Structures are given as structure tokens and as C-alpha cells.
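Read through the structure below, which is laid out as C-alpha cells, and then see the notes.
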Amino acid sequence: MPQARASHVKGMDIPAWGPRGVPGMGLAYMTADRGACHQRAFPIDYEVGGAEFNGKTFERLEVHGKAETVANDQNFIAALDTFVKCDFGTFGISEESYRELFEAATGEEFSQDRLYQLGERIWNVSRLFNLKQGLTKKHEKLPKRFYEPLPDGPAKKVTNSPKKMKKLCFKSTTIIEAME
């Protein structure tokens, strides 16, 4: 019984942002390489903060389009983590500034495409490592309680179906074939 009520993904506790009112965050938890981690992707910026992704904004409770934002965040953050930087710096330092810092330190050009390609490669290696350790599709799920509707508040009675979230989950991951 206690295991059934434990709020975790892949053994990592759910942080402060419960995914019932922000489904993209649930998707981020499901696909994060180390479990329910808000430091691998943070789509709340798009869901609640009104940030644009590819020129579009998103309705908070809608799931459409969230897989792409999560995959993009995961690749970007994985690349930035190689800079050995403080996560709080990303709120004040632009992507362009990070690339300029890299170029100043190494003398190499570091384009936006190269940054995201680096992150995608890191993400793929991390997922392959997890596969080798026995983590499969069945581990990429939210706890049952997050499919139950909230009793009150702005997301009252809103639910995300496990089937819909799973479909989005595998749409957002790069190595889909390896998860079979």
C-alpha cells in the first residue's frame, strides 16, 4: 500500500510542481533520465509563464505541442550542463551569451544548431545508459494519483489520461526504437 501512494518517477520524488495542472511538466518527469526531475526540462515557462516556443504560446492544460517543448528543453539543458554553470544563471543569461562565452573560452564557433545537437547526443547517451540498466517504457509513467482529477482550484476536475501522456512521452523522446 505505501508503494501505491509514493509520488515518484523512477524512484525520484516529485518536486514542487505537480503535473495535474501542468501536463508538460508531467511529461518532463516521465521522460527525464533520472526520474521526476525539474532540472532536465521546465515547460512550466510555456504552460504558465506565457513563454513562446517556435512563435507559439500554449494553453496551460492542453497537451498538444508539449512533447516538442519538453524535448527541446531537455536537449538545451543537457548541452548547458556541460558548461558547469549554475541553473539559476539560465534565468538571466541568454542562450546567445552562453554560446559567446564558449567561443571566447575555446576559440571555436558554437552555433545554435551545434548547441542543440550536443544536447541531443548527451540525452541519447543517457537514455541508452538507462536502457542498459534495465529502464524501459514501463518506467516512464506518472504515479496513479496524478491521473486523478484535482478536487479544486483552476485545474479542478482536469485529468490527463495515462494513454494520452504515454503517447506524448514517446513522441518527445529521440530514441523511440530502442525503447521497444
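Chain identifiers are assigned as A, B, and so on, following the order in which chains appear in the C-alpha cells; residues are numbered from 1 within each chain, and ligands are numbered from 1 in order of appearance.
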Contacts of Asp113 of chain A at 12 Å (only C-alpha atoms; same-chain gap of 2+ positions) as a PyMOL selection string: chain A and resi 72+75-76+79+95-96+99+109-111+115-120
Within 10 Å of Gly18 of chain A using only C-alpha atoms, minus same-chain residues under 5 positions, as a count of residues only: 6
Select from segment 20-116 of chain A every residue with an atom at most 9 Å from any atom of segment 148-156 of chain A, then for each give the shortest pair of atoms and their distance in Å to one decimal, using only C-alpha atoms, rows by chain and rising number, as a Markdown table.
```
| residue | atom | partner | partner_atom | distance |
| --- | --- | --- | --- | --- |
| A:Arg20 | CA | A:Leu150 | CA | 7.2 |
| A:Gly21 | CA | A:Ala155 | CA | 5.4 |
| A:Val22 | CA | A:Ala155 | CA | 8.9 |
| A:Leu61 | CA | A:Ala155 | CA | 7.6 |
```
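Taking atom CA of Glu59 of chain A as the reference point, atom CA of Pro15 of chain A is found at 22.1 Å.
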Atom CA of Lys66 of chain A to atom CA of Ile44 of chain A, distance in Å rounded to a single decimal: 10.2 Å
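Counting only C-alpha atoms, the residue from A:Arg5, A:His64, A:His38, A:Lys157 that sits nearest to Trp17 of chain A is A:His38.
The closest residue to Ala36 of chain A, picked from A:Ala105, A:Lys10, A:Glu62, A:Phe83 and counting only C-alpha atoms, is A:Lys10.
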DSSP helix (DSSP H, G or I) residues within segment 76-165 of chain A, as a PyMOL selection string: chain A and resi 76-81+87-91+95-106+112-132+137-139+144-147+162-165
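Relative to atom CA of Phe88 of chain A, atom CA of Gln39 of chain A is found at 10.5 Å.
Distances to Ala32 of chain A were evaluated for A:His139, A:Lys164, A:Arg121, A:Lys144 using only C-alpha atoms, and the minimum falls at A:His139.
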